[in-house]
Every structure is written in structure tokens, then in C-alpha cells.
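Printed here is data_7.pdb (PDB, C-alpha atoms):
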```pdb
ATOM      1  CA  MET G   3       4.315  17.728 -64.370
ATOM      2  CA  ASP G   4       5.564  17.257 -67.958
ATOM      3  CA  GLN G   5       5.148  14.128 -70.100
ATOM      4  CA  SER G   6       8.617  12.703 -69.421
ATOM      5  CA  GLN G   7       7.988  12.837 -65.680
ATOM      6  CA  GLN G   8       4.637  11.122 -66.152
ATOM      7  CA  ASN G   9       6.384   8.439 -68.233
ATOM      8  CA  PHE G  10       8.817   7.845 -65.387
ATOM      9  CA  LEU G  11       6.038   7.500 -62.803
ATOM     10  CA  ARG G  12       4.118   5.044 -64.996
ATOM     11  CA  ILE G  13       7.214   2.856 -65.317
ATOM     12  CA  VAL G  14       7.665   3.057 -61.538
ATOM     13  CA  GLY G  15       4.063   1.910 -61.143
ATOM     14  CA  VAL G  16       4.409  -1.110 -63.411
ATOM     15  CA  VAL G  17       7.818  -2.142 -62.013
ATOM     16  CA  TYR G  18       6.707  -2.027 -58.382
ATOM     17  CA  GLY G  19       3.216  -3.318 -59.175
ATOM     18  CA  PRO G  20       2.842  -6.019 -61.853
ATOM     19  CA  GLY G  21       6.622  -6.311 -62.271
ATOM     20  CA  SER G  22       7.290  -7.133 -58.615
ATOM     21  CA  ASN G  23       4.324  -9.492 -58.566
ATOM     22  CA  ALA G  24       5.699 -11.278 -61.641
ATOM     23  CA  VAL G  25       9.059 -11.844 -59.965
ATOM     24  CA  ARG G  26       7.345 -13.016 -56.774
ATOM     25  CA  CYS G  27       5.086 -15.452 -58.643
ATOM     26  CA  TYR G  28       8.069 -17.096 -60.289
ATOM     27  CA  PHE G  29      10.075 -16.996 -57.030
ATOM     28  CA  ASP G  30       7.259 -18.763 -55.158
ATOM     29  CA  ARG G  31       7.208 -21.480 -57.816
ATOM     30  CA  CYS G  32      10.935 -22.012 -57.350
ATOM     31  CA  PHE G  33      10.902 -21.586 -53.558
ATOM     32  CA  PRO G  34       7.416 -22.640 -52.370
ATOM     33  CA  PRO G  35       6.294 -20.575 -49.351
ATOM     34  CA  ASP G  36       5.575 -23.677 -47.248
ATOM     35  CA  VAL G  37       9.200 -24.845 -47.472
ATOM     36  CA  LEU G  38      10.926 -21.480 -47.919
ATOM     37  CA  ASN G  39      12.193 -21.224 -44.337
ATOM     38  CA  THR G  40      13.454 -24.810 -44.398
ATOM     39  CA  GLN G  41      15.371 -24.146 -47.605
ATOM     40  CA  LEU G  42      16.852 -20.923 -46.250
ATOM     41  CA  SER G  43      17.782 -22.237 -42.805
ATOM     42  CA  ILE G  44      19.020 -25.722 -43.703
ATOM     43  CA  THR G  45      19.737 -26.156 -47.390
ATOM     44  CA  LEU G  46      21.041 -22.711 -48.334
ATOM     45  CA  ARG G  47      22.201 -21.032 -45.118
ATOM     46  CA  THR G  48      25.897 -21.829 -45.546
ATOM     47  CA  LYS G  49      25.864 -20.559 -49.132
ATOM     48  CA  ILE G  50      23.941 -17.431 -48.126
ATOM     49  CA  GLU G  51      26.482 -16.768 -45.366
ATOM     50  CA  ALA G  52      29.219 -16.973 -47.997
ATOM     51  CA  LEU G  53      27.410 -14.336 -50.075
ATOM     52  CA  LYS G  54      27.185 -12.112 -47.015
ATOM     53  CA  GLN G  55      30.899 -12.485 -46.321
ATOM     54  CA  LYS G  56      31.604 -11.443 -49.912
ATOM     55  CA  ASN G  57      29.300  -8.410 -49.458
ATOM     56  CA  VAL G  58      27.022  -9.727 -52.186
ATOM     57  CA  LEU G  59      24.243  -9.827 -49.596
ATOM     58  CA  SER G  60      23.736  -6.809 -47.307
ATOM     59  CA  ASP G  61      22.985  -6.889 -43.583
ATOM     60  CA  ALA G  62      19.486  -5.589 -44.253
ATOM     61  CA  GLN G  63      18.809  -8.406 -46.735
ATOM     62  CA  TRP G  64      20.208 -10.955 -44.266
ATOM     63  CA  ASN G  65      17.809  -9.701 -41.575
ATOM     64  CA  ILE G  66      14.886 -10.123 -43.975
ATOM     65  CA  LEU G  67      15.905 -13.706 -44.776
ATOM     66  CA  PHE G  68      16.615 -14.590 -41.140
ATOM     67  CA  PRO G  69      14.466 -12.303 -38.960
ATOM     68  CA  ALA G  70      15.063 -12.233 -35.206
ATOM     69  CA  LYS G  71      11.369 -12.934 -34.645
ATOM     70  CA  GLY G  72       9.001 -14.877 -36.847
ATOM     71  CA  SER G  73       9.870 -16.405 -40.193
ATOM     72  CA  ALA G  74      10.856 -15.196 -43.645
ATOM     73  CA  SER G  75       8.201 -14.522 -46.301
ATOM     74  CA  SER G  76       8.572 -13.637 -49.964
ATOM     75  CA  VAL G  77       5.936 -10.955 -49.416
ATOM     76  CA  LEU G  78       8.688  -8.933 -47.735
ATOM     77  CA  PHE G  79      11.297  -9.606 -50.448
ATOM     78  CA  ASP G  80      11.942  -6.904 -53.027
ATOM     79  CA  VAL G  81      12.894  -7.477 -56.670
ATOM     80  CA  THR G  82      16.611  -7.199 -55.929
ATOM     81  CA  LEU G  83      16.596  -9.833 -53.186
ATOM     82  CA  MET G  84      14.420 -12.287 -55.114
ATOM     83  CA  THR G  85      16.483 -12.039 -58.300
ATOM     84  CA  LEU G  86      19.676 -12.436 -56.247
ATOM     85  CA  LEU G  87      18.427 -15.689 -54.712
ATOM     86  CA  LEU G  88      17.158 -16.958 -58.055
ATOM     87  CA  ARG G  89      20.402 -16.119 -59.830
ATOM     88  CA  HIS G  90      22.634 -17.842 -57.259
ATOM     89  CA  PHE G  91      20.501 -20.808 -56.239
ATOM     90  CA  HIS G  92      18.087 -21.557 -59.093
ATOM     91  CA  PHE G  93      19.396 -20.586 -62.508
ATOM     92  CA  LYS G  94      22.277 -22.765 -63.612
ATOM     93  CA  LYS G  95      24.256 -19.958 -65.211
ATOM     94  CA  LYS G  96      23.947 -16.251 -65.643
ATOM     95  CA  LYS G  97      22.987 -14.819 -69.020
ATOM     96  CA  HIS G  98      22.153 -11.299 -70.127
ATOM     97  CA  PRO G  99      18.546 -10.845 -71.248
ATOM     98  CA  VAL G 100      18.057 -11.320 -74.951
ATOM     99  CA  ASP G 101      15.297  -9.459 -76.780
ATOM    100  CA  GLN G 102      12.170 -11.561 -77.250
ATOM    101  CA  ASP G 103      13.667 -14.383 -75.128
ATOM    102  CA  PRO G 104      10.637 -15.806 -73.278
ATOM    103  CA  LYS G 105      12.620 -17.748 -70.706
ATOM    104  CA  PRO G 106      11.866 -16.825 -67.056
ATOM    105  CA  LYS G 107      15.462 -15.893 -66.409
ATOM    106  CA  SER G 108      15.392 -13.296 -69.183
ATOM    107  CA  ASP G 109      11.992 -11.989 -68.080
ATOM    108  CA  LEU G 110      13.159 -11.460 -64.520
ATOM    109  CA  ALA G 111      16.384  -9.893 -65.721
ATOM    110  CA  ARG G 112      14.363  -7.358 -67.721
ATOM    111  CA  ILE G 113      12.324  -6.400 -64.655
ATOM    112  CA  LYS G 114      15.524  -6.085 -62.621
ATOM    113  CA  TYR G 115      17.043  -3.971 -65.390
ATOM    114  CA  TYR G 116      14.153  -1.493 -65.399
ATOM    115  CA  ARG G 117      14.148  -1.439 -61.627
ATOM    116  CA  ASN G 118      17.799  -0.337 -61.756
ATOM    117  CA  VAL G 119      16.960   2.288 -64.377
ATOM    118  CA  ILE G 120      14.420   3.767 -61.980
ATOM    119  CA  ALA G 121      16.689   3.530 -58.948
ATOM    120  CA  HIS G 122      19.608   5.248 -60.669
ATOM    121  CA  SER G 123      17.638   7.918 -62.510
ATOM    122  CA  LYS G 124      18.911  11.412 -61.733
ATOM    123  CA  ASP G 125      16.098  13.485 -63.209
ATOM    124  CA  GLY G 126      13.050  11.234 -62.763
ATOM    125  CA  ALA G 127      12.157  11.465 -66.449
ATOM    126  CA  ILE G 128      11.896   9.068 -69.428
ATOM    127  CA  ASP G 129      11.438  10.160 -73.037
ATOM    128  CA  ASP G 130       8.458   8.881 -75.036
ATOM    129  CA  ALA G 131      10.392   6.390 -77.177
ATOM    130  CA  SER G 132      12.131   4.752 -74.219
ATOM    131  CA  TYR G 133       8.870   4.775 -72.310
ATOM    132  CA  LYS G 134       6.927   2.915 -75.022
ATOM    133  CA  GLU G 135       9.634   0.277 -75.317
ATOM    134  CA  ALA G 136       9.899  -0.208 -71.551
ATOM    135  CA  TRP G 137       6.133  -0.215 -71.065
ATOM    136  CA  THR G 138       5.514  -2.878 -73.701
ATOM    137  CA  ASP G 139       8.403  -4.979 -72.445
ATOM    138  CA  LEU G 140       7.318  -4.846 -68.799
ATOM    139  CA  CYS G 141       3.654  -5.569 -69.486
ATOM    140  CA  GLU G 142       4.520  -8.583 -71.653
ATOM    141  CA  VAL G 143       7.008  -9.944 -69.117
ATOM    142  CA  SER G 144       4.540  -9.517 -66.246
ATOM    143  CA  GLY G 145       1.791 -11.183 -68.250
ATOM    144  CA  ARG G 146       3.915 -14.240 -69.017
ATOM    145  CA  GLN G 147       4.871 -14.791 -65.382
ATOM    146  CA  ILE G 148       1.661 -13.874 -63.583
ATOM    147  CA  ARG G 149      -0.910 -15.215 -66.085
ATOM    148  CA  ARG G 150      -3.694 -13.273 -64.430
ATOM    149  CA  ALA G 151      -6.789 -12.311 -66.418
ATOM    150  CA  ASN G 152      -7.065  -8.769 -65.111
ATOM    151  CA  LEU G 153      -3.344  -7.978 -65.440
ATOM    152  CA  LYS G 154      -3.807  -6.432 -68.880
ATOM    153  CA  MET G 155      -6.540  -4.176 -67.513
ATOM    154  CA  GLU G 156      -4.309  -3.217 -64.578
ATOM    155  CA  CYS G 157      -1.531  -2.183 -66.949
ATOM    156  CA  GLU G 158      -3.963  -0.269 -69.148
ATOM    157  CA  LEU G 159      -5.287   1.627 -66.131
ATOM    158  CA  LEU G 160      -1.751   2.562 -65.159
ATOM    159  CA  GLY G 161      -1.107   3.706 -68.712
ATOM    160  CA  ARG G 162      -4.242   5.870 -68.897
ATOM    161  CA  ALA G 163      -4.191   7.257 -65.359
ATOM    162  CA  ASP G 164      -4.205  11.061 -65.173
ATOM    163  CA  LEU G 165      -1.126  11.576 -63.064
ATOM    164  CA  ASN G 166      -1.569  15.324 -63.139
ATOM    165  CA  MET G 167      -4.926  14.926 -61.408
ATOM    166  CA  ALA G 168      -3.401  12.528 -58.913
ATOM    167  CA  TYR G 169      -0.523  14.923 -58.381
ATOM    168  CA  LYS G 170      -2.968  17.796 -57.954
ATOM    169  CA  ALA G 171      -5.020  15.793 -55.452
ATOM    170  CA  GLN G 172      -1.899  14.910 -53.488
ATOM    171  CA  ARG G 173      -0.778  18.520 -53.555
ATOM    172  CA  GLU G 174      -4.186  19.670 -52.299
ATOM    173  CA  GLU G 175      -4.125  17.038 -49.569
ATOM    174  CA  LEU G 176      -0.637  18.144 -48.610
ATOM    175  CA  SER G 177      -1.824  21.745 -48.525
ATOM    176  CA  ARG G 178      -4.713  20.764 -46.257
ATOM    177  CA  ASN G 179      -2.329  18.882 -43.987
ATOM    178  CA  ILE G 180      -0.041  21.902 -43.811
ATOM    179  CA  THR G 181      -3.018  24.102 -42.942
ATOM    180  CA  ARG G 182      -4.071  21.703 -40.198
ATOM    181  CA  LEU G 183      -0.533  21.625 -38.858
ATOM    182  CA  GLU G 184      -0.420  25.411 -38.807
ATOM    183  CA  GLU G 185      -3.747  25.479 -36.963
ATOM    184  CA  HIS G 186      -2.450  22.941 -34.464
ATOM    185  CA  GLU G 187       0.721  24.966 -34.053
ATOM    186  CA  ALA G 188      -1.286  28.142 -33.437
ATOM    187  CA  ALA G 189      -3.491  26.310 -30.938
ATOM    188  CA  LEU G 190      -0.398  24.927 -29.240
ATOM    189  CA  GLU G 191       1.173  28.375 -28.991
ATOM    190  CA  SER G 192      -2.080  29.728 -27.551
ATOM    191  CA  ARG G 193      -2.142  26.900 -25.047
ATOM    192  CA  GLN G 194       1.473  27.575 -24.129
ATOM    193  CA  ASP G 195       0.665  31.249 -23.577
ATOM    194  CA  GLN G 196      -2.293  30.255 -21.412
ATOM    195  CA  LEU G 197      -0.128  27.877 -19.411
ATOM    196  CA  ALA G 198       2.484  30.585 -18.944
ATOM    197  CA  SER G 199      -0.219  32.973 -17.746
ATOM    198  CA  ASP G 200      -1.605  30.328 -15.397
ATOM    199  CA  LEU G 201       1.854  29.681 -14.012
ATOM    200  CA  ILE G 202       2.333  33.387 -13.342
ATOM    201  CA  LYS G 203      -1.027  33.534 -11.572
ATOM    202  CA  GLN G 204      -0.197  30.426  -9.593
ATOM    203  CA  GLY G 205       3.108  32.015  -8.650
ATOM    204  CA  GLU G 206       1.288  35.102  -7.404
ATOM    205  CA  ILE G 207      -1.202  32.966  -5.491
ATOM    206  CA  SER G 208       1.611  30.876  -4.064
ATOM    207  CA  SER G 209       3.369  34.046  -2.938
ATOM    208  CA  LYS G 210       0.206  35.262  -1.209
ATOM    209  CA  ASN G 211      -0.370  31.857   0.337
ATOM    210  CA  GLU G 212       3.219  31.802   1.503
ATOM    211  CA  ASP G 213       2.713  35.120   3.284
ATOM    212  CA  ILE G 214      -0.493  33.838   4.875
ATOM    213  CA  ILE G 215       1.207  30.627   5.955
ATOM    214  CA  LYS G 216       4.098  32.583   7.434
ATOM    215  CA  ARG G 217       1.674  34.719   9.454
ATOM    216  CA  ILE G 218      -0.207  31.628  10.628
ATOM    217  CA  VAL G 219       3.027  29.917  11.634
ATOM    218  CA  THR G 220       4.159  33.042  13.465
ATOM    219  CA  ASP G 221       0.833  33.242  15.307
ATOM    220  CA  LEU G 222       0.958  29.553  16.151
ATOM    221  CA  ASN G 223       4.507  29.852  17.413
ATOM    222  CA  SER G 224       3.512  32.814  19.542
ATOM    223  CA  LYS G 225       0.483  30.996  20.941
ATOM    224  CA  HIS G 226       2.552  27.877  21.445
ATOM    225  CA  GLU G 227       5.134  29.812  23.408
ATOM    226  CA  GLU G 228       2.358  31.381  25.451
ATOM    227  CA  VAL G 229       0.844  27.969  26.170
ATOM    228  CA  ILE G 230       4.254  26.602  27.120
ATOM    229  CA  ARG G 231       4.826  29.484  29.524
ATOM    230  CA  SER G 232       1.379  29.003  31.043
ATOM    231  CA  LEU G 233       1.943  25.273  31.345
ATOM    232  CA  GLU G 234       5.331  25.781  32.964
ATOM    233  CA  GLU G 235       3.793  28.185  35.452
ATOM    234  CA  HIS G 236       1.051  25.654  36.166
ATOM    235  CA  ILE G 237       3.575  22.842  36.655
ATOM    236  CA  ASN G 238       5.756  24.991  38.893
ATOM    237  CA  ASN G 239       2.701  25.919  40.920
ATOM    238  CA  LEU G 240       1.789  22.249  41.229
ATOM    239  CA  LYS G 241       5.290  21.435  42.419
ATOM    240  CA  ILE G 242       5.051  24.149  45.052
ATOM    241  CA  GLN G 243       1.667  22.837  46.140
ATOM    242  CA  LEU G 244       3.089  19.320  46.185
ATOM    243  CA  GLU G 245       5.925  20.392  48.477
ATOM    244  CA  GLY G 246       3.455  22.103  50.771
ATOM    245  CA  MET G 247       1.230  19.053  50.789
ATOM    246  CA  SER G 248       4.194  16.839  51.561
ATOM    247  CA  LYS G 249       5.162  18.987  54.529
ATOM    248  CA  ARG G 250       1.619  19.039  55.846
ATOM    249  CA  LEU G 251       1.223  15.314  55.329
ATOM    250  CA  TYR G 252       4.320  14.491  57.345
ATOM    251  CA  SER G 253       3.855  17.179  59.976
ATOM    252  CA  GLN G 254       0.263  16.304  60.867
ATOM    253  CA  GLN G 255      -0.828  13.265  62.735
ATOM    254  CA  SER G 256      -2.237  10.785  60.272
ATOM    255  CA  THR G 257      -3.343   7.205  60.217
ATOM    256  CA  ILE G 258      -1.523   6.778  56.887
ATOM    257  CA  PRO G 259       1.744   4.905  57.405
ATOM    258  CA  HIS G 260       4.956   6.679  56.405
ATOM    259  CA  ASN G 261       5.720   4.182  53.639
ATOM    260  CA  ILE G 262       2.271   4.783  52.132
ATOM    261  CA  LYS G 263       2.805   8.544  52.378
ATOM    262  CA  ALA G 264       6.065   8.215  50.468
ATOM    263  CA  LYS G 265       4.328   6.122  47.814
ATOM    264  CA  ILE G 266       1.569   8.736  47.490
ATOM    265  CA  MET G 267       4.125  11.497  46.997
ATOM    266  CA  ARG G 268       5.908   9.504  44.289
ATOM    267  CA  GLN G 269       2.592   8.937  42.514
ATOM    268  CA  ILE G 270       1.655  12.602  42.610
ATOM    269  CA  LYS G 271       5.094  13.645  41.349
ATOM    270  CA  LYS G 272       4.544  11.315  38.399
ATOM    271  CA  TRP G 273       1.144  12.927  37.804
ATOM    272  CA  VAL G 274       2.742  16.364  37.766
ATOM    273  CA  GLU G 275       5.206  15.237  35.076
ATOM    274  CA  ASP G 276       2.381  13.695  33.012
ATOM    275  CA  GLU G 277       0.379  16.915  33.352
ATOM    276  CA  LYS G 278       2.713  18.496  30.779
ATOM    277  CA  LYS G 279       1.132  16.296  28.096
ATOM    278  CA  TYR G 280      -2.486  16.803  29.149
ATOM    279  CA  VAL G 281      -4.725  18.785  26.777
ATOM    280  CA  ILE G 282      -7.519  20.711  28.471
ATOM    281  CA  ILE G 283     -10.878  20.679  26.662
ATOM    282  CA  ASP G 284     -14.252  22.254  27.439
ATOM    283  CA  THR G 285     -15.521  19.047  29.050
ATOM    284  CA  THR G 286     -12.659  19.170  31.544
ATOM    285  CA  VAL G 287     -13.764  22.599  32.750
ATOM    286  CA  ASP G 288     -17.396  21.459  33.019
ATOM    287  CA  ILE G 289     -16.431  18.397  35.065
ATOM    288  CA  LEU G 290     -14.307  20.524  37.396
ATOM    289  CA  ASP G 291     -17.293  22.802  38.003
ATOM    290  CA  LEU G 292     -19.454  19.763  38.825
ATOM    291  CA  LEU G 293     -16.838  18.468  41.240
ATOM    292  CA  MET G 294     -16.650  21.808  43.047
ATOM    293  CA  ASN G 295     -20.408  21.746  43.595
ATOM    294  CA  HIS G 296     -20.688  18.099  44.702
ATOM    295  CA  SER G 297     -18.891  16.068  47.314
ATOM    296  CA  SER G 298     -18.161  13.198  44.957
ATOM    297  CA  LEU G 299     -17.974  12.431  41.244
ATOM    298  CA  THR G 300     -18.008   9.163  39.301
ATOM    299  CA  VAL G 301     -16.210   9.025  35.948
ATOM    300  CA  ALA G 302     -17.247   6.208  33.590
ATOM    301  CA  GLY G 303     -16.287   5.413  30.015
ATOM    302  CA  ASN G 304     -14.762   2.905  27.627
ATOM    303  CA  ALA G 305     -11.247   1.636  28.125
ATOM    304  CA  GLY G 306      -8.612   4.006  26.784
ATOM    305  CA  CYS G 307     -10.861   7.073  26.559
ATOM    306  CA  GLY G 308      -8.798   9.032  29.136
ATOM    307  CA  LYS G 309     -10.636   8.516  32.434
ATOM    308  CA  THR G 310      -7.458   8.117  34.503
ATOM    309  CA  ALA G 311      -5.768  11.140  32.921
ATOM    310  CA  LEU G 312      -8.891  13.224  33.583
ATOM    311  CA  ILE G 313      -9.138  12.166  37.233
ATOM    312  CA  ARG G 314      -5.468  12.895  37.872
ATOM    313  CA  HIS G 315      -5.779  16.303  36.223
ATOM    314  CA  LEU G 316      -8.811  17.130  38.376
ATOM    315  CA  ALA G 317      -6.930  16.007  41.468
ATOM    316  CA  LEU G 318      -3.992  18.269  40.626
ATOM    317  CA  ARG G 319      -6.339  21.192  39.994
ATOM    318  CA  LEU G 320      -7.871  20.638  43.423
ATOM    319  CA  MET G 321      -4.400  20.350  44.936
ATOM    320  CA  SER G 322      -3.547  23.755  43.465
ATOM    321  CA  ARG G 323      -6.558  25.083  45.408
ATOM    322  CA  GLY G 324      -5.269  23.718  48.716
ATOM    323  CA  TYR G 325      -6.748  20.232  48.761
ATOM    324  CA  GLU G 326      -4.660  17.220  49.730
ATOM    325  CA  ILE G 327      -4.632  14.171  47.465
ATOM    326  CA  VAL G 328      -4.943  10.633  48.784
ATOM    327  CA  PRO G 329      -5.129   8.107  45.894
ATOM    328  CA  ILE G 330      -7.408   5.136  46.620
ATOM    329  CA  ILE G 331      -7.099   2.071  44.425
ATOM    330  CA  GLU G 332      -9.037  -0.503  46.442
ATOM    331  CA  PRO G 333     -12.075  -0.027  48.743
ATOM    332  CA  LYS G 334     -10.180  -1.464  51.709
ATOM    333  CA  GLN G 335      -7.892   1.576  51.575
ATOM    334  CA  LEU G 336     -10.768   3.824  52.660
TER     335      LEU G 336
END
```
Could you quickly redo this structure as C-alpha cells?
Amino acid sequence: MDQSQQNFLRIVGVVYGPGSNAVRCYFDRCFPPDVLNTQLSITLRTKIEALKQKNVLSDAQWNILFPAKGSASSVLFDVTLMTLLLRHFHFKKKKHPVDQDPKPKSDLARIKYYRNVIAHSKDGAIDDASYKEAWTDLCEVSGRQIRRANLKMECELLGRADLNMAYKAQREELSRNITRLEEHEAALESRQDQLASDLIKQGEISSKNEDIIKRIVTDLNSKHEEVIRSLEEHINNLKIQLEGMSKRLYSQQSTIPHNIKAKIMRQIKKWVEDEKKYVIIDTTVDILDLLMNHSSLTVAGNAGCGKTALIRHLALRLMSRGYEIVPIIEPKQL
């Protein structure tokens, strides 16, 4: 960084540091912070709207003066906005800054002038002669408006600061940031590769699982069809046994009235239909074995546990072996 570039950066520092603070100090004296929003919203709003209509005030500046949320504060005002408000609503008439003129209007105009020099610079450089003049002018103007004891020291520090060292430090920090970004990028690419590999493996596993699931489904379907066929054969056999039982019941002499016989047959037909939904478990087989070895069997259990379904299933199994079924609901039916 050559000397002219350093000169430019030092002027930038004093304009946006002490210079901006000088303008803000004077602005706050003219528009006290505790009544600023009242002045803007009530006293000056119509005039400010007129400036906006004339494009003197931009939309961005309007939003700073009248924010959608919260209230306006001079802390957020830049040099341009503060000098605009001062020029239109505080100073009686506009004058160009005159050398060595200590009036606030001239001081603020000087700061605004150097701010424009910075903003419109094409090469970011200031020669030594222009720099010395601007530096002295800005420091004196800031000192008159701020009146702060350490302002002179602040300006001197800006004037003596080794910008090359600061530039070097920033460049090194930028280099470190770039290195970290490259490391993050490499780590991200590695992670992406790992994810891609994992997805491929998951795809292979999914394919294998799909084959296994297909085989299981095929086996289940086959077993299901086999169970259905067996169940249909069992139901058909029960129907045949039921027809035989019906014939025997009506052909033999019996103390059971005909209307009761008809009711029994309707009940058993209903049992045969319900048998399609019955699921045989190991306990069912054990109970059937007990029943075959004993003349009677008592089934006990909580309500809803399947006692009735079990008894009806056992009765149908016995019917398929040639037994006749006579449902008894009440003891008096014995």
C-alpha cells in the first residue's frame, strides 16, 4: 500500500470517526434526542414529505427517519442525512464554507465536503499536500464541535497508525479464513462422498431386503392359501356332519320338541359360519384331548377371553367325530 492510499484511508478514518461524531454532537444540540421523534413526526413531517416528493430525500433516508418499528435515533443517521436536516430545518440560509470560518454551519459543510471527496474518489488515493490540508481541517472542525479532551489523541493515533501492518494483519486473517473455508469445503466433499457411499450401500441392502420380503410374502401367501383350503375343507365337513346330525335328530325318537330341534340347528349353523374366524392355538388342542378323556369339562375365565368361542369350536370338533350337539343354556333344559 503506497503513501497516497494510506492518506486516503486516514481521511476516511477521521471523516467517519471524529468527523461523524462532530456532526452528530451538533445535530443533537439542535434536535435533542428526547424530542427528536416529536419534531420529526409532528413539527417537520409535512416538510420532510415535501423533500421526499422532490427526491431530495431518498426512500432509504425516509425509512430511517420514520421506521416501521421503534423510533428514530441520530445514532443511525449518517453525515449526509444529518447535514440535510440541518440545512433545511435549522440553518436560516445556505452558504458555502469559508476558510477559517468557525461557524457550525461552515464546520459541518467542511465535513460533508470531505465525505463527498471520499465517496466520489475513483482511485482511493490522496496526495500528501491535499492530505495535510484535509487532515488539519477535519481535526480542527471535529475539535470545535465535539470539545472532547481525548479527541486530539484520537486524531493523532489515526495519523500515526501503521496501516501497512493493519493491512497485513487483515490480509493474514483473510488468508486464514480462506484456508478454513477450503478445509470446510474439503470436509464437506468428503462427507458428501461418504453419504453417497452410504446411500449406495443402503440401496443394496434395500434391494436384498426387498428380495427377502418378497420371499416372505410369497411364503405367507402360500401358507395362507393352504390354511384357507384346510379351513374350507373343515367347514364343508362340518356342514356335512350337520346335515347328518339333522337327519338323525329328526328321524329318531326324541324328547326334544320339533321347534327346539329347529332352533338347535339354526344355532349350530351359526357356529359353523363363525368357525371360519376361529384361530386354533396349542391350548385348544390340549383342551380337546382333556375332553376326549373325561366325560365333562368346565371352562372358566374372565369375560371376553373367548370361553364361548372355545366351547363352540370343541362342540363342532366333536360333531365332526360323530357326536350330536345339544346346546344347554339353563339347568332346567337338562
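The shell of residues at most 9 Å from stretch 222-238 of chain G, with all atoms listed in the file counted and near chain neighbours (fewer than 6 positions) removed, consists of Val274, Glu275, Glu277, Lys278 and Ser322 of chain G.
Taken over the shown file, the PyMOL selection byres ((chain G and resi 286) around 12) identifies Tyr280, Val281, Ile282, Ile283, Asp284, Thr285, Val287, Asp288, Ile289, Leu290, Asp291, Leu292, Leu293, Val301, Gly308, Lys309, Ala311, Leu312, Ile313, Arg314, His315, Leu316, Ala317 and Arg319 of chain G.
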Residues at most 12 Å from G:Ala24, counting only C-alpha atoms, excluding those fewer than 4 positions away in the same chain, as a PyMOL selection string?
-> chain G and resi 16-20+28-31+80-81+84-85+106-107+109-114+140-150+153
Which value, in Å to one decimal, gives the distance between atom CA of G:Gly21 and atom CA of G:Arg117?
->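 Between atom CA of G:Gly21 and atom CA of G:Arg117 the gap works out to 9.0 Å.
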Can you list what the PyMOL selection byres ((chain G and resi 48-52) around 12) grabs from this structure, as a ChimeraX atom specification?
-> /G:41-47,53-61,63-65,67-68,83,86-87,90-91
Point-to-point distance in Å for atom CA of G:Ser199 and atom CA of G:Asn211 =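 Value for the atom CA of G:Asn211-atom CA of G:Ser199 distance: 18.1 Å.
The space between atom CA of G:Ile120 and atom CA of G:Val14 spans 6.8 Å.
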Step by step: start from the point (11.1, 13.5, -71.1) in the file's coordinates, keep every protein, DNA or RNA residue that has an atom no farther than 10 Å from it, count only C-alpha atoms, and write the set as a ChimeraX atom specification.
-> /G:4-10,125-133
Report as JSON the centre and the edge lengths, in Å to one decimal, of the axis-aligned box holding every listed atom of stretch 112-118 of chain G, padded by 8 Å on each side.
```
{"center_x": 15.1, "center_y": -3.8, "center_z": -64.7, "size_x": 21.5, "size_y": 23.0, "size_z": 22.1}
```
Using all atoms listed in the file, which residue out of G:Arg178, G:Arg26, G:Arg323, G:Lys134 lies closest to G:Leu78?
-> G:Arg26
Among listed residues G:Asn239, G:Glu187, G:Leu318, G:Ala302, nearest G:Lys272 (using all atoms listed in the file) | G:Leu318
